[in-house]
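Asks: The file below is run.tsv, TSV, C-alpha atoms:
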```tsv
chain	number	residue	atom	x	y	z
A	255	MET	CA	-3.08	57.17	-41.14
A	256	GLU	CA	-0.28	56.86	-43.62
A	257	ALA	CA	1.42	53.46	-43.35
A	258	ASN	CA	4.80	54.67	-44.50
A	259	PRO	CA	4.97	58.32	-43.50
A	260	ILE	CA	7.57	60.88	-44.53
A	261	VAL	CA	7.19	64.08	-42.49
A	262	LEU	CA	9.25	67.19	-41.87
A	263	ASP	CA	10.21	68.06	-38.31
A	264	ASP	CA	11.52	71.58	-37.87
A	265	ALA	CA	11.78	71.54	-34.08
A	266	ALA	CA	15.54	71.94	-34.37
A	267	GLY	CA	15.12	75.36	-35.95
A	268	ASP	CA	17.69	75.88	-38.66
A	269	VAL	CA	18.00	72.15	-39.42
A	270	VAL	CA	14.99	70.34	-40.88
A	271	VAL	CA	14.63	66.64	-40.14
A	272	VAL	CA	12.92	64.49	-42.77
A	273	VAL	CA	11.50	61.62	-40.74
A	274	VAL	CA	11.11	58.47	-42.84
A	275	GLU	CA	9.23	55.52	-41.37
A	276	GLY	CA	8.21	52.11	-42.67
A	277	GLU	CA	9.03	50.62	-46.07
A	278	HIS	CA	10.16	52.81	-48.93
A	279	ASP	CA	10.82	51.89	-52.52
A	280	ILE	CA	10.04	52.93	-56.10
A	281	TYR	CA	6.43	53.65	-55.10
A	282	THR	CA	7.20	56.13	-52.31
A	283	ALA	CA	10.47	57.54	-53.72
A	284	PRO	CA	8.67	60.39	-55.55
A	285	THR	CA	7.08	61.49	-52.26
A	286	LEU	CA	10.47	61.30	-50.57
A	287	ARG	CA	11.94	63.48	-53.30
A	288	GLU	CA	9.18	66.05	-52.77
A	289	ARG	CA	9.81	66.15	-49.02
A	290	LEU	CA	13.57	66.43	-49.54
A	291	ASP	CA	13.01	69.30	-52.00
A	292	GLU	CA	10.85	71.02	-49.42
A	293	ALA	CA	13.46	70.52	-46.70
A	294	ILE	CA	16.28	71.86	-48.89
A	295	GLY	CA	14.07	74.77	-49.90
A	296	ARG	CA	13.96	75.96	-46.32
A	297	GLY	CA	17.60	76.89	-46.68
A	298	GLY	CA	19.16	75.28	-43.62
A	299	GLY	CA	20.72	71.94	-42.84
A	300	VAL	CA	18.90	68.72	-43.71
A	301	VAL	CA	18.82	65.51	-41.69
A	302	VAL	CA	17.10	62.40	-43.01
A	303	ASP	CA	16.12	60.25	-40.04
A	304	LEU	CA	15.75	56.58	-41.02
A	305	THR	CA	15.38	55.36	-37.42
A	306	GLY	CA	11.81	54.25	-38.05
A	307	ALA	CA	12.43	52.92	-41.54
A	308	THR	CA	12.24	49.16	-42.00
A	309	PHE	CA	13.19	48.90	-45.66
A	310	VAL	CA	14.80	51.19	-48.23
A	311	ASP	CA	15.87	50.26	-51.75
A	312	SER	CA	18.09	51.81	-54.41
A	313	SER	CA	15.28	54.20	-55.44
A	314	VAL	CA	15.54	55.71	-51.96
A	315	LEU	CA	19.34	55.85	-52.15
A	316	GLY	CA	18.99	57.69	-55.45
A	317	ALA	CA	16.71	60.26	-53.85
A	318	LEU	CA	19.08	60.69	-50.90
A	319	LEU	CA	22.15	61.11	-53.09
A	320	ASP	CA	20.42	63.67	-55.32
A	321	ALA	CA	19.27	65.62	-52.27
A	322	ARG	CA	22.71	65.44	-50.70
A	323	ARG	CA	24.34	66.82	-53.82
A	324	ARG	CA	21.92	69.72	-54.09
A	325	ALA	CA	22.16	70.54	-50.39
A	326	LEU	CA	25.95	70.59	-50.44
A	327	GLU	CA	26.01	72.66	-53.62
A	328	ALA	CA	23.80	75.19	-51.84
A	329	GLY	CA	26.07	75.22	-48.78
A	330	GLN	CA	23.57	73.29	-46.65
A	331	GLY	CA	24.62	70.44	-44.42
A	332	PHE	CA	23.21	66.98	-45.19
A	333	VAL	CA	23.34	64.01	-42.81
A	334	VAL	CA	21.41	60.72	-42.52
A	335	SER	CA	20.64	59.38	-39.08
A	336	VAL	CA	19.63	55.92	-37.93
A	337	GLY	CA	18.86	54.49	-34.52
A	338	ALA	CA	21.16	52.63	-32.16
A	339	SER	CA	19.95	49.40	-33.73
A	340	VAL	CA	19.16	49.47	-37.42
A	341	GLU	CA	16.77	47.26	-39.36
A	342	PRO	CA	18.65	44.87	-41.70
A	343	GLY	CA	16.47	46.15	-44.54
A	344	VAL	CA	18.11	49.55	-44.04
A	345	GLN	CA	21.61	48.76	-42.77
A	346	ARG	CA	22.48	46.19	-45.41
A	347	ILE	CA	22.09	48.42	-48.46
A	348	LEU	CA	23.97	51.23	-46.75
A	349	ASP	CA	26.80	48.85	-45.88
A	350	ILE	CA	27.26	47.12	-49.22
A	351	THR	CA	27.11	50.35	-51.20
A	352	GLY	CA	29.77	51.86	-48.95
A	353	LEU	CA	27.61	54.93	-48.33
A	354	VAL	CA	27.77	55.04	-44.52
A	355	PRO	CA	30.89	57.22	-44.33
A	356	VAL	CA	30.10	59.36	-47.37
A	357	LEU	CA	26.43	60.26	-46.93
A	358	PRO	CA	27.30	60.32	-43.96
A	359	VAL	CA	25.17	58.07	-41.73
A	360	VAL	CA	25.32	58.54	-37.95
A	361	ASN	CA	23.58	56.60	-35.19
A	362	ASP	CA	22.00	59.53	-33.39
A	363	ARG	CA	19.54	62.17	-34.52
A	364	ALA	CA	20.87	64.91	-32.22
A	365	ALA	CA	24.42	64.32	-33.44
A	366	ALA	CA	23.16	64.34	-37.03
A	367	ILE	CA	21.43	67.68	-36.49
A	368	GLU	CA	24.58	69.18	-35.01
A	369	THR	CA	26.72	67.85	-37.88
A	370	ALA	CA	24.28	69.19	-40.47
A	371	ARG	CA	24.34	72.56	-38.73
A	372	VAL	CA	28.14	72.72	-38.60
A	373	ASN	CA	28.59	71.51	-42.18
A	374	GLY	CA	26.13	74.02	-43.51
A	375	ASN	CA	25.86	77.80	-43.21
A	376	GLY	CA	28.07	78.13	-46.26
A	377	SER	CA	31.09	77.28	-44.14
A	378	GLY	CA	32.04	74.58	-46.58
A	379	GLY	CA	32.57	77.25	-49.24
B	273	MET	CA	10.90	21.47	-42.75
B	274	THR	CA	7.34	22.29	-43.65
B	275	ALA	CA	6.69	22.08	-47.35
B	276	ALA	CA	5.79	25.46	-48.74
B	277	PRO	CA	3.59	25.79	-51.79
B	278	ASP	CA	4.99	27.16	-55.00
B	279	VAL	CA	3.77	30.72	-55.45
B	280	HIS	CA	3.03	32.37	-58.76
B	281	LEU	CA	2.18	36.04	-58.90
B	282	THR	CA	1.11	37.98	-61.97
B	283	MET	CA	0.29	41.65	-61.65
B	284	PRO	CA	0.51	44.92	-63.55
B	285	ALA	CA	4.09	46.20	-63.64
B	286	ARG	CA	3.43	49.24	-61.49
B	287	PRO	CA	5.34	50.78	-58.56
B	288	GLU	CA	2.71	49.86	-55.96
B	289	GLY	CA	3.09	46.18	-56.83
B	290	VAL	CA	6.64	45.86	-55.54
B	291	ALA	CA	5.58	46.05	-51.90
B	292	VAL	CA	2.95	43.38	-52.59
B	293	VAL	CA	5.67	41.05	-53.85
B	294	ARG	CA	7.71	41.73	-50.69
B	295	GLN	CA	4.70	40.88	-48.54
B	296	ALA	CA	4.15	37.62	-50.41
B	297	LEU	CA	7.82	36.81	-50.06
B	298	ALA	CA	7.74	37.46	-46.31
B	299	GLY	CA	4.75	35.14	-46.03
B	300	MET	CA	6.54	32.48	-48.03
B	301	ALA	CA	9.66	32.83	-45.90
B	302	ASP	CA	7.57	32.48	-42.74
B	303	ALA	CA	6.69	28.97	-43.87
B	304	LEU	CA	10.37	28.17	-44.32
B	305	ALA	CA	13.29	28.39	-41.91
B	306	PHE	CA	15.19	31.39	-43.21
B	307	GLU	CA	17.71	33.31	-41.17
B	308	ALA	CA	16.54	36.88	-40.68
B	309	ALA	CA	19.55	38.27	-42.53
B	310	VAL	CA	18.85	36.07	-45.55
B	311	LEU	CA	15.20	37.12	-45.58
B	312	ALA	CA	16.26	40.76	-45.53
B	313	ASP	CA	18.60	40.18	-48.47
B	314	MET	CA	15.86	38.32	-50.31
B	315	LYS	CA	13.38	41.17	-49.91
B	316	MET	CA	15.96	43.67	-51.12
B	317	ALA	CA	17.07	41.65	-54.14
B	318	VAL	CA	13.52	40.81	-55.23
B	319	SER	CA	12.48	44.44	-54.82
B	320	GLU	CA	15.33	45.53	-57.07
B	321	ALA	CA	14.41	42.93	-59.69
B	322	CYS	CA	10.75	44.00	-59.63
B	323	THR	CA	11.74	47.67	-59.76
B	324	ASN	CA	13.77	46.98	-62.89
B	325	VAL	CA	10.63	45.55	-64.49
B	326	VAL	CA	8.46	48.47	-63.38
B	327	VAL	CA	10.91	51.14	-64.49
B	328	HIS	CA	12.58	49.67	-67.55
B	329	ALA	CA	10.70	46.76	-69.10
B	330	TYR	CA	7.81	48.38	-70.91
B	331	ASP	CA	9.09	51.79	-71.87
B	332	GLY	CA	6.07	53.57	-70.41
B	333	ASP	CA	3.51	51.09	-71.75
B	334	GLN	CA	1.45	48.74	-69.62
B	335	GLY	CA	2.76	45.26	-69.02
B	336	THR	CA	2.88	42.46	-66.50
B	337	LEU	CA	5.24	41.58	-63.70
B	338	GLU	CA	5.51	37.86	-63.00
B	339	VAL	CA	7.09	36.44	-59.87
B	340	ASP	CA	7.51	32.73	-59.11
B	341	MET	CA	8.76	31.40	-55.78
B	342	LEU	CA	9.90	27.80	-55.73
B	343	ALA	CA	11.22	26.15	-52.57
B	344	ASP	CA	13.38	23.04	-52.45
B	345	GLU	CA	15.63	21.40	-49.87
B	346	ASN	CA	18.42	23.95	-50.33
B	347	GLY	CA	16.53	27.19	-50.38
B	348	LEU	CA	14.13	29.38	-52.26
B	349	THR	CA	14.44	30.28	-55.91
B	350	ILE	CA	12.62	33.38	-57.10
B	351	ARG	CA	12.09	34.23	-60.75
B	352	VAL	CA	11.12	37.75	-61.72
B	353	ARG	CA	10.00	37.99	-65.30
B	354	ASP	CA	8.63	40.51	-67.76
B	355	HIS	CA	7.59	40.45	-71.40
B	356	GLY	CA	9.10	43.79	-72.24
B	357	THR	CA	11.78	45.23	-74.43
B	358	GLY	CA	14.66	43.18	-73.07
B	359	ILE	CA	17.77	44.02	-71.12
B	360	ARG	CA	19.15	47.49	-71.66
B	361	PRO	CA	20.88	48.41	-68.43
B	362	GLU	CA	23.02	51.13	-69.99
B	363	ALA	CA	20.17	52.72	-71.90
B	364	ALA	CA	18.10	52.69	-68.76
B	365	ARG	CA	20.59	54.79	-66.89
B	366	SER	CA	20.17	57.74	-69.19
B	367	ARG	CA	16.40	57.86	-68.99
B	368	ASP	CA	14.22	60.34	-67.16
B	369	VAL	CA	13.66	58.05	-64.21
B	370	PRO	CA	16.56	58.58	-61.84
B	371	ALA	CA	18.42	55.31	-61.56
B	372	LEU	CA	21.75	54.52	-60.03
B	373	GLY	CA	22.33	51.34	-62.02
B	374	LEU	CA	22.49	49.54	-58.69
B	375	GLY	CA	19.73	47.00	-59.28
B	376	LEU	CA	21.65	44.12	-60.83
B	377	PRO	CA	24.82	44.65	-58.75
B	378	LEU	CA	22.68	44.56	-55.61
B	379	ILE	CA	20.94	41.37	-56.74
B	380	ALA	CA	24.34	39.77	-57.40
B	381	ALA	CA	25.63	40.84	-53.99
B	382	LEU	CA	22.57	39.73	-52.03
B	383	SER	CA	21.73	36.37	-53.61
B	384	ASP	CA	23.51	33.02	-53.28
B	385	ALA	CA	23.05	32.39	-57.01
B	386	PHE	CA	21.79	34.64	-59.77
B	387	THR	CA	21.16	34.41	-63.49
B	388	LEU	CA	19.85	36.89	-66.00
B	389	GLN	CA	18.26	35.77	-69.24
B	390	GLY	CA	16.60	37.66	-72.01
B	391	SER	CA	16.94	39.27	-75.36
B	392	ALA	CA	15.55	42.25	-77.19
B	393	GLY	CA	11.80	41.91	-77.58
B	394	GLN	CA	11.65	38.66	-75.62
B	395	GLY	CA	11.49	40.00	-72.12
B	396	THR	CA	13.84	39.41	-69.24
B	397	GLU	CA	14.03	36.83	-66.49
B	398	VAL	CA	16.05	37.30	-63.33
B	399	ARG	CA	16.46	34.11	-61.31
B	400	MET	CA	17.78	34.32	-57.76
B	401	THR	CA	18.38	31.54	-55.25
B	402	PHE	CA	18.67	32.07	-51.49
B	403	HIS	CA	19.88	29.33	-49.17
B	404	TYR	CA	18.17	28.76	-45.84
B	405	ALA	CA	21.50	29.27	-44.08
B	406	ARG	CA	24.77	30.60	-45.38
B	407	ASP	CA	28.41	29.64	-44.95
B	408	SER	CA	29.57	32.94	-46.35
B	409	ASP	CA	28.26	36.38	-47.26
B	410	PRO	CA	27.58	36.67	-51.01
B	411	ALA	CA	28.22	40.41	-50.78
B	412	GLU	CA	31.87	39.62	-50.04
B	413	GLU	CA	32.14	37.44	-53.15
B	414	ASN	CA	30.22	39.87	-55.36
B	415	PRO	CA	30.78	43.32	-53.88
B	416	VAL	CA	28.74	46.17	-55.32
B	417	PRO	CA	31.05	48.14	-57.63
B	418	GLY	CA	30.84	51.89	-57.61
B	419	THR	CA	31.26	54.82	-55.32
B	420	LEU	CA	30.16	58.38	-54.84
B	421	GLY	CA	32.14	60.60	-57.18
B	422	ASP	CA	33.60	63.98	-56.32
B	423	ASP	CA	30.64	65.55	-58.11
B	424	GLY	CA	28.26	63.87	-55.66
B	425	ARG	CA	26.88	61.48	-58.28
B	426	TRP	CA	27.02	57.72	-58.02
B	427	ALA	CA	29.74	56.32	-60.30
B	428	PRO	CA	28.60	52.73	-60.95
B	429	GLY	CA	31.85	51.21	-62.15
B	430	ALA	CA	34.25	53.14	-59.98
B	431	ARG	CA	36.54	51.30	-57.63
B	432	ARG	CA	35.83	51.96	-54.02
B	433	GLU	CA	38.67	52.70	-51.63
B	434	THR	CA	38.64	50.27	-48.76
B	435	SER	CA	40.54	50.22	-45.52
B	436	ALA	CA	41.29	46.55	-46.11
B	437	GLY	CA	43.77	47.49	-48.82
```
Would you mind giving the structure from this file in structure tokens?
Replies:
Amino acid sequence: MEANPIVLDDAAGDVVVVVVEGEHDIYTAPTLRERLDEAIGRGGGVVVDLTGATFVDSSVLGALLDARRRALEAGQGFVVSVGASVEPGVQRILDITGLVPVLPVVNDRAAAIETARVNGNGSGG
Amino acid sequence: MTAAPDVHLTMPARPEGVAVVRQALAGMADALAFEAAVLADMKMAVSEACTNVVVHAYDGDQGTLEVDMLADENGLTIRVRDHGTGIRPEAARSRDVPALGLGLPLIAALSDAFTLQGSAGQGTEVRMTFHYARDSDPAEENPVPGTLGDDGRWAPGARRETSAG
């Protein structure tokens, strides 16, 4: 049993959800980058679900921003989702870096999937 | 308030050690009366300081990460120290390891007091103090500079547009 799992959930079909749970930092960031690469490689929208994450640092933000850039360049939607209540170890770094509106971060996985679907499909040109 | 022992950690400067430091910090904070929000900031700031050591201090060579935690009546002071090549934040940004240059700005924003000491070849020491309770949010006094550029890359020094005006 992995203590801090990062798994892909493709139940939504054309949008892949990268489910990130537990604490993530410089040690797990390379694994996160691999999973994000895999998700982008599937060609559809990408949602990173941090609902189960309890801590993320700037290494994780770096991985998310790189993935976001590559997804958008490829015409794929990219959205981060969190739960209705967010762990301070996740919310705080998103708040003070001002990344909530730009990543973007939304408080609902289903809404994130829909946004990633709409923003993708090459519709953004 | 229960007196907490001073804690001194020395370990190899490797990525897997950062979580160990966070766990020790959480244990230390349990013995003290920290607000949850301060503890969260402490874990984040100390992680960033340790990550700087792991990623930048030894230029690929082996080295040690030293962390001291010293409690007094006002709060907890944490020193994160290495014996590496010294402070080179700009050089670090251009290296192979992806870095946003956010480490020190985050530490400044999350801690109630913060100093950085070091010189080339003498190693670096980051010293952070966290008060048990806060009158104000340090992130408002020391906001993290930077924003996401139009190219999708983090621009560390860029001014962020705020609705506050």
Asks: Should the cut-off be 6 Å, what would the residue list for chain B against chain A look like, counting all atoms listed in the file, as number ranges by chain?
Replies: B: 287-288, 312, 424
Asks: Just write the chosen residues, C-alpha atoms, as a PDB file, keeping the file's coordinate frame.
Replies:
```pdb
ATOM      1  CA  PRO B 287       5.340  50.780 -58.560  1.00  0.00           C
ATOM      2  CA  GLU B 288       2.710  49.860 -55.960  1.00  0.00           C
ATOM      3  CA  ALA B 312      16.260  40.760 -45.530  1.00  0.00           C
ATOM      4  CA  GLY B 424      28.260  63.870 -55.660  1.00  0.00           C
TER       5      GLY B 424
END
```
Asks: For B:Glu338, which residue out of B:Ala308, B:Met300, B:Leu281, B:Ala385 is the nearest one, using only C-alpha atoms?
Replies: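 Of B:Ala308, B:Met300, B:Leu281, B:Ala385, the one nearest B:Glu338, counting only C-alpha atoms, is B:Leu281.
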Asks: Kindly give the distance, in Å, that separates atom CA of A:Arg363 and atom CA of A:Ser335, rounded to a single decimal.
Replies: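 Calculated distance between atom CA of A:Arg363 and atom CA of A:Ser335 is 5.5 Å.
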Asks: My list of candidates is A:Val360, A:Ala307, A:Ala257, A:Leu348. Which is closest to A:Val334 when distances are computed with all atoms listed in the file?
Replies: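 Among A:Val360, A:Ala307, A:Ala257, A:Leu348, it is A:Val360 that comes nearest to A:Val334.
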Asks: Considering all atoms listed in the file, state which residue in the set B:Leu388, B:Ala405, B:Ala380, B:Met283 is at the smallest distance from B:Ala305.
Replies: B:Ala405
Asks: From the options B:Leu378, B:Gln394, B:Leu420, B:His355, which residue's atoms come nearest to B:Asp333, counting only C-alpha atoms?
Replies: B:His355
Asks: Looking at all atoms listed in the file, which of B:Cys322, B:Val339, B:Val310, B:Ala392 is the one that sits closest to B:Ser408?
Replies: B:Val310
Asks: For a test of reading the model, state the distance in Å between atom CA of B:Gly289 and atom CA of A:Val314, rounded to one decimal.
Replies: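 According to the coordinates, atom CA of B:Gly289 and atom CA of A:Val314 are separated by 16.4 Å.
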Asks: Do you have the atom CA of A:Val270-atom CA of B:Leu374 distance handy?
Replies: 28.4 Å
Asks: Give the answer as one residue: which of B:Asp313, B:Asp354, B:Asp278, B:Asp340 has the shortest atom-to-atom distance to B:Gly393, using only C-alpha atoms?
Replies: B:Asp354
Asks: Compile the contact shell of A:Asn361 as a list in words: residues with an atom at most 6 Å away, counting all atoms listed in the file, same-chain residues fewer than 5 positions apart removed.
Replies: Ser335, Val336, Gly337 and Ala338 of chain A
Asks: Give me, as a VMD selection string, all polymer residues having an atom no more than 8 Å from B:Gln334, counting all atoms listed in the file and skipping those fewer than 4 positions away in the same chain.
Replies: chain B and resid 284 to 285 330
Asks: Name the residues in contact with A:Arg296 at a cut-off of 12 Å, using all atoms listed in the file, excluding same-chain residues fewer than 4 positions from it; report them as a PyMOL selection string.
Replies: chain A and resi 262-264+267-271+289-292+300+325+328+330
Asks: Skip B:Gly375 itself and residues of its chain fewer than 3 positions away, then list as a PyMOL selection string all residues within 9 Å of it, counting all atoms listed in the file.
Replies: (chain A and resi 312) or (chain B and resi 317+319-321+323-324+371-372+378-380)
Asks: Tell me, as JSON, numbers by chain, which residues lie within 9 Å of B:Arg286, counting only C-alpha atoms; anything in the same chain fewer than 4 positions away does not count.
Replies: {"A": [281], "B": [290, 323, 325, 326, 327, 334, 335, 336, 337]}
Asks: Specify the axis-aligned box that encloses all atoms of stretch 278-296 of chain B listed in the file after padding of 8 Å on each side, stating its centre and edge lengths in Å to one decimal as lines of an AutoDock Vina configuration file.
Replies:
```
center_x = 4.0
center_y = 39.0
center_z = -56.1
size_x = 23.4
size_y = 39.6
size_z = 31.1
```
